[in-house]
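Engineer: Structure incoming, see below.
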Protein chains: 2
Amino acid sequence: MALTERALIERYFRECGARRSDVPLGVGDDASLIDVPPGMQLVAALDTLVSGVHFLPHSPASSVGHRALAVNLSDIAAMGAQPAWALLGLTLPGVDETWLEAFTSGLGALARKHNVALVGGDTTSGPLCITVQVLGYAPKPPAMLRSGGLPGDVLFVTGTPGDAAAGLALEKGELSGLTEDAAAWLRGRFLYPTPRIELGIKLREYASACIDVSDGLLGDAGKLAEASRCGVVIDFEHVPVSSHLVSAVGDARARELALTGGDDYELCFAVRPEKVDRLTRELPPGQWNYRRIGVLRSEPGSVVLRGGTVMDVSHSGFDHFAR
Amino acid sequence: MALTERALIERYFRECGARRSDVPLGVGDDASLIDVPPGMQLVAALDTLVSGVHFLPHSPASSVGHRALAVNLSDIAAMGAQPAWALLGLTLPGVDETWLEAFTSGLGALARKHNVALVGGDTTSGPLCITVQVLGYAPKPPAMLRSGGLPGDVLFVTGTPGDAAAGLALEKGELSGLTEDAAAWLRGRFLYPTPRIELGIKLREYASACIDVSDGLLGDAGKLAEASRCGVVIDFEHVPVSSHLVSAVGDARARELALTGGDDYELCFAVRPEKVDRLTRELPPGQWNYRRIGVLRSEPGSVVLRGGTVMDVSHSGFDHFAR
């Protein structure tokens with residue numbers, strides 16, 4: 001391999017993210033120095049993507065870069081925090097400059113969009129694996145934990161979950177016969193998910209609890225409910241699905257995918273009933289792209305209702321160590 | 001695999017590190033919340049260890065856990081910062097509970113020794129690879145960068161570099177015929193390096209520049225010199241070596257290994273000449289385990305002098321993408 005680690009840093013990583021005046025020392029020393037805004041709490045997330053597990057080996061490198069950052073930004077969004085700084089641990093089987101160029105352009109574009117500086121990291125040789133660590137900040141006290149929900153809280157989800165799972169199926173060649181538009185949309189939702197940063201920050205004023213939907217809506221809503229010592233009831237008919245997903249797999253299967261597919265990186269959040277009117281008035285659902293899907297209740301467990309009857313949804317999520 | 005990610009977290013990671021009152025939310029939500037002490041600057045480091053590259057596949061798991069944290073603590077030490085919080089990205093080929101138990105005990109013991117809380121992370125399935133991200137803090141302005149050295153500054157190194165390289169050679173079966181004591185010492189220096197946290201913090205008052213020695217003393221001293229727009233002269237006879245290393249490979253080869261071996265995780269630091277007396281009086285070298293090895297000079301480049309003549313040291317470090 002021709003490039004040294006240092007040359008890699010200079011060529012691909014030094015200018016990759018946003019420039020921020022609160023980073024007195026970024027890439028290139030033993031560690032990075034960051035000025036956290038006074039009075040703010042630091043928020044930290046870390047996620048790893050492994051080739052063949054979290055993305056397909058032939059995935060576009062720009063998507064791999066985008067997703068490695070997006071999955072972390074989504075965690076930060078779920079806390080209602082402002083992302084600001086990132087570190088990158090990149091393990092590469094070799095130096096493929098075309099791949100690296102596309103990877104850093106995907107990661108860098110998303111970083112700059114959200115004003116996130118890449119402040120440090122490590123490049124190593126080995127099987128392709130990417131760990132990104134994102135730091136952000138939020139006012140104290142924390143507004144949105146998983147555990148803040150109460151029975152009676154109304155449950156919402158952003159976007160159209162299930163699209164990413166269908167996009168992955170398309171990438172794997174397990175789904176076909178779609179229109180070009182539908183295929184492009186679904187593939188795009190898997191390859192370039194949208195972390196809901198702006199909404200997450202706004203939701204601090206309204207939501208009692210929030211979780212990032214990465215392992216399937218039903219399972220993640222269940223985690224929020226459990227952390228809040230509640231159960232959850234989801235209305236099958238209210239689960240939002242995209243017209244493209246419906247055109248691809250039909251209405252019922254689309255909603256099942258929305259409940260059980262992974263990789264959505266949407267937000268699922270609970271709002272006290274008395275705050276719902278204000279929420280929907282001040283953050284119109286059509287404009288902010290979220291929908292009411294159910295309610296928390298005191299009885300534990302997760303239930304999906306379809307036409308008044310409890311549905312059996314067999315596959316309740318996605319666990320890297322269970323599949 | 002029997003354990004879910006959640007069970008893994010509960011069993012191995014929730015209680016792994018130190019408890020700190022400045023972590024309002026640790027392992028288990030979408031992200032972690034941290035209260036950085038007011039007026040302090042955040043210091044962030046991230047390092048990845050890959051099986052077969054940074055450790056041998058048969059390495060004791062407790063050593064892998066220790067080293068994954070130690071390499072990051074060493075980066076934090078080189079900034080003169082106080083480590084406080086860590087996140088762990090752990091990619092495992094499968095759930096081997098014996099391995100995990102030993103891994104977390106190695107990582108946890110070192111974390112608790114330095115009062116570092118494990119506040120979050122991610123476990124994924126894939127080829128064995130560990131990324132640790134350590135956060136710490138230091139008073140502003142930053143005291144010890146790589147770039148603060150000036151011509152005339154005296155250069156020091158901690159510990160006895162080269163031991164780890166010999167320990168690795170032992171682990172690989174490339175070195176033999178040692179006494180039991182020597183083998184145990186050298187192996188220990190590779191498997192369980194000592195991050196120089198306490199000295200790093202003290203050095204803020206004395207050092208003009210500092211670097212973590214991880215890729216070979218000569219190469220890393222050269223990086224410090226270059227960042228400081230200086231060159232460096234190292235006295236071969238002054239390079240500290242352990243009696244165990246000398247007994248294993250002889251005096252000259254020991255010093256060569258000290259200059260070029262990797263994985264030491266010692267500190268190399270520069271001190272203005274007028275501060276050297278105070279340094280050695282207030283932090284006695286025998287007690288704090290460091291030694292004067294050379295000097296920075298205005299002429300660029302790295303030179304090793306042996307008996308007054310310039311030595312040719314062919315292998316000047318360790319680069320993951322060059323070896």
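For the structure tokens, the naming scheme is as follows: chains receive sequential letters (A, B, ...) according to their order of presentation, residues are indexed from 1 within each chain, and ligands are indexed from 1 in presentation order.
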Please provide the set of residues having any atom within 10 Å of A:Ala252, restricted to only C-alpha atoms, with same-chain residues fewer than 4 positions apart removed, written as a list in words.
Structural biologist: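 The neighbour list is Phe236, Glu237, Val241, Val246, Glu256, Leu257 and Ala258 of chain A.
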Engineer: Once you have the residues from the selection above, write them out as a compact mmCIF listing (two decimals), in the first residue's frame, restricted to N, CA, C and O atoms.
Structural biologist:
```txt
# COMPACT_ATOMS: atom_id res chain seq x y z
N PHE A 236 -52.23 -0.47 13.58
CA PHE A 236 -51.64 -0.93 12.32
C PHE A 236 -51.95 0.03 11.19
O PHE A 236 -51.07 0.38 10.40
N GLU A 237 -53.22 0.47 11.12
CA GLU A 237 -53.64 1.34 10.02
C GLU A 237 -52.98 2.72 10.07
O GLU A 237 -52.97 3.43 9.07
N VAL A 241 -46.61 4.62 5.81
CA VAL A 241 -45.82 3.91 4.79
C VAL A 241 -45.78 4.78 3.53
O VAL A 241 -46.71 5.53 3.25
N VAL A 246 -45.72 0.82 -0.72
CA VAL A 246 -47.00 0.16 -0.99
C VAL A 246 -47.03 -0.36 -2.42
O VAL A 246 -47.45 -1.50 -2.68
N GLU A 256 -46.28 -4.06 7.68
CA GLU A 256 -45.48 -5.05 8.43
C GLU A 256 -44.00 -4.71 8.38
O GLU A 256 -43.29 -4.76 9.38
N LEU A 257 -43.55 -4.36 7.17
CA LEU A 257 -42.14 -3.96 7.03
C LEU A 257 -41.84 -2.72 7.85
O LEU A 257 -40.76 -2.59 8.45
N ALA A 258 -42.79 -1.79 7.87
CA ALA A 258 -42.61 -0.56 8.65
C ALA A 258 -42.46 -0.89 10.14
O ALA A 258 -41.73 -0.22 10.87
```
Engineer: For stretch 218-233 of chain A, work out the shell of residues within 8 Å, counting only C-alpha atoms and skipping chain neighbours fewer than 2 positions away, then give it as number ranges by chain.
Structural biologist: A: 146-151, 209-216, 235, 259-260, 268, 294-305, 316-318
Engineer: Show me, as a count of residues only, the residues that have an atom within 10 Å of A:Leu199 when counting only C-alpha atoms, minus same-chain residues fewer than 4 positions from it.
Structural biologist: 12
Engineer: As an mmCIF file with C-alpha atoms, in the first residue's frame, please: the residues near B:Glu97 (cut-off 10 Å, only C-alpha atoms, same-chain neighbours under 5 positions excluded).
Structural biologist:
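File written: selection19.cif
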```
data_model
loop_
_atom_site.group_PDB
_atom_site.id
_atom_site.type_symbol
_atom_site.label_atom_id
_atom_site.label_comp_id
_atom_site.auth_asym_id
_atom_site.auth_seq_id
_atom_site.Cartn_x
_atom_site.Cartn_y
_atom_site.Cartn_z
ATOM 1 C CA LEU B 3 -27.031 -13.550 24.067
ATOM 2 C CA LEU B 8 -24.354 -8.445 26.629
ATOM 3 C CA ARG B 11 -23.893 -8.659 31.809
ATOM 4 C CA TYR B 12 -20.554 -7.229 30.754
ATOM 5 C CA ALA B 102 -11.656 -11.646 30.516
ATOM 6 C CA PHE B 103 -11.828 -8.776 27.999
#
```
Engineer: Please identify the strand (DSSP E) residues within stretch 66-171 of chain B (assignment by DSSP from backbone atoms) and present them as an NGL selection string.
Structural biologist: :B and (82-92 or 117-125 or 129-139 or 154-158)
Engineer: Those same residues - C-alpha atoms - I'd like them written as a PDB file, in the first residue's frame.
Structural biologist:
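For reference, part-v4.pdb as written:
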```
ATOM      1  CA  GLN B  82      -7.347  13.840  32.901  1.00  0.00           C
ATOM      2  CA  PRO B  83      -9.213  10.897  31.310  1.00  0.00           C
ATOM      3  CA  ALA B  84     -12.773  10.468  32.538  1.00  0.00           C
ATOM      4  CA  TRP B  85     -15.160   8.746  30.112  1.00  0.00           C
ATOM      5  CA  ALA B  86     -14.929   6.037  27.443  1.00  0.00           C
ATOM      6  CA  LEU B  87     -17.083   4.514  24.729  1.00  0.00           C
ATOM      7  CA  LEU B  88     -16.467   1.047  23.323  1.00  0.00           C
ATOM      8  CA  GLY B  89     -17.142  -0.219  19.806  1.00  0.00           C
ATOM      9  CA  LEU B  90     -16.716  -3.991  19.973  1.00  0.00           C
ATOM     10  CA  THR B  91     -17.011  -6.174  16.888  1.00  0.00           C
ATOM     11  CA  LEU B  92     -17.043  -9.870  17.744  1.00  0.00           C
ATOM     12  CA  ALA B 117     -16.486   5.477  33.321  1.00  0.00           C
ATOM     13  CA  LEU B 118     -17.626   3.357  30.375  1.00  0.00           C
ATOM     14  CA  VAL B 119     -20.546   5.497  29.252  1.00  0.00           C
ATOM     15  CA  GLY B 120     -21.642   3.890  26.002  1.00  0.00           C
ATOM     16  CA  GLY B 121     -20.800   1.999  22.866  1.00  0.00           C
ATOM     17  CA  ASP B 122     -21.923  -0.541  20.352  1.00  0.00           C
ATOM     18  CA  THR B 123     -21.490  -4.286  19.974  1.00  0.00           C
ATOM     19  CA  THR B 124     -21.650  -5.727  16.496  1.00  0.00           C
ATOM     20  CA  SER B 125     -21.035  -9.005  14.762  1.00  0.00           C
ATOM     21  CA  CYS B 129     -11.980  -5.440  16.094  1.00  0.00           C
ATOM     22  CA  ILE B 130     -12.131  -3.016  19.012  1.00  0.00           C
ATOM     23  CA  THR B 131     -12.456   0.764  18.847  1.00  0.00           C
ATOM     24  CA  VAL B 132     -12.274   2.689  22.083  1.00  0.00           C
ATOM     25  CA  GLN B 133     -12.979   6.364  22.358  1.00  0.00           C
ATOM     26  CA  VAL B 134     -11.755   8.144  25.464  1.00  0.00           C
ATOM     27  CA  LEU B 135     -12.811  11.589  26.604  1.00  0.00           C
ATOM     28  CA  GLY B 136     -10.983  13.630  29.176  1.00  0.00           C
ATOM     29  CA  TYR B 137     -10.498  17.216  30.144  1.00  0.00           C
ATOM     30  CA  ALA B 138      -7.735  19.705  30.747  1.00  0.00           C
ATOM     31  CA  PRO B 139      -7.497  23.331  31.760  1.00  0.00           C
ATOM     32  CA  VAL B 154      15.795  18.902  26.126  1.00  0.00           C
ATOM     33  CA  LEU B 155      14.069  15.675  25.120  1.00  0.00           C
ATOM     34  CA  PHE B 156      12.988  12.970  27.576  1.00  0.00           C
ATOM     35  CA  VAL B 157      11.245   9.617  27.381  1.00  0.00           C
ATOM     36  CA  THR B 158       9.438   7.614  30.045  1.00  0.00           C
TER      37      THR B 158
END
```
Engineer: Please return, as a ChimeraX atom specification, all residues of stretch 147-226 of chain A that DSSP assigns to helix (DSSP H, G or I) on the basis of the backbone.
Structural biologist: /A:147-148,163-171,180-191,197-203,217-226
Engineer: Mind giving me the straight-line distance from atom CA of B:Ala68 to atom CA of B:Ser242 in Å, one decimal?
Structural biologist: 24.2 Å
Engineer: Of the candidates A:Asp22, A:Asp277, A:Glu266, A:Glu5, which one gets nearest to chain B if we count only C-alpha atoms?
Structural biologist: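 Of the candidates, the smallest distance to chain B is held by A:Glu5.
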Engineer: Counting only C-alpha atoms, which of A:Ala207, A:Leu245, A:Val36, A:Leu128 gets nearest to A:Leu279?
Structural biologist: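 Checking each of A:Ala207, A:Leu245, A:Val36, A:Leu128 against A:Leu279, counting only C-alpha atoms, the winner is A:Ala207.
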Engineer: For stretch 108-112 of chain A, list every protein, DNA or RNA residue within 6 Å, evaluated using only C-alpha atoms, and leave out those in the same chain fewer than 4 positions away; present the list as a count of residues only.
Structural biologist: 5
Engineer: Grab the atom CA of A:Ala143 to atom CA of A:Ile201 distance for me, in Å with one decimal place.
Structural biologist: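 Distance between the two atoms: 9.8 Å.
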Engineer: For the atom pair atom CA of B:Gln287 and atom CA of B:Gly159, what is the interatomic distance in Å to one decimal place?
Structural biologist: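 Computing the Euclidean distance for atom CA of B:Gln287 and atom CA of B:Gly159 yields 11.0 Å.
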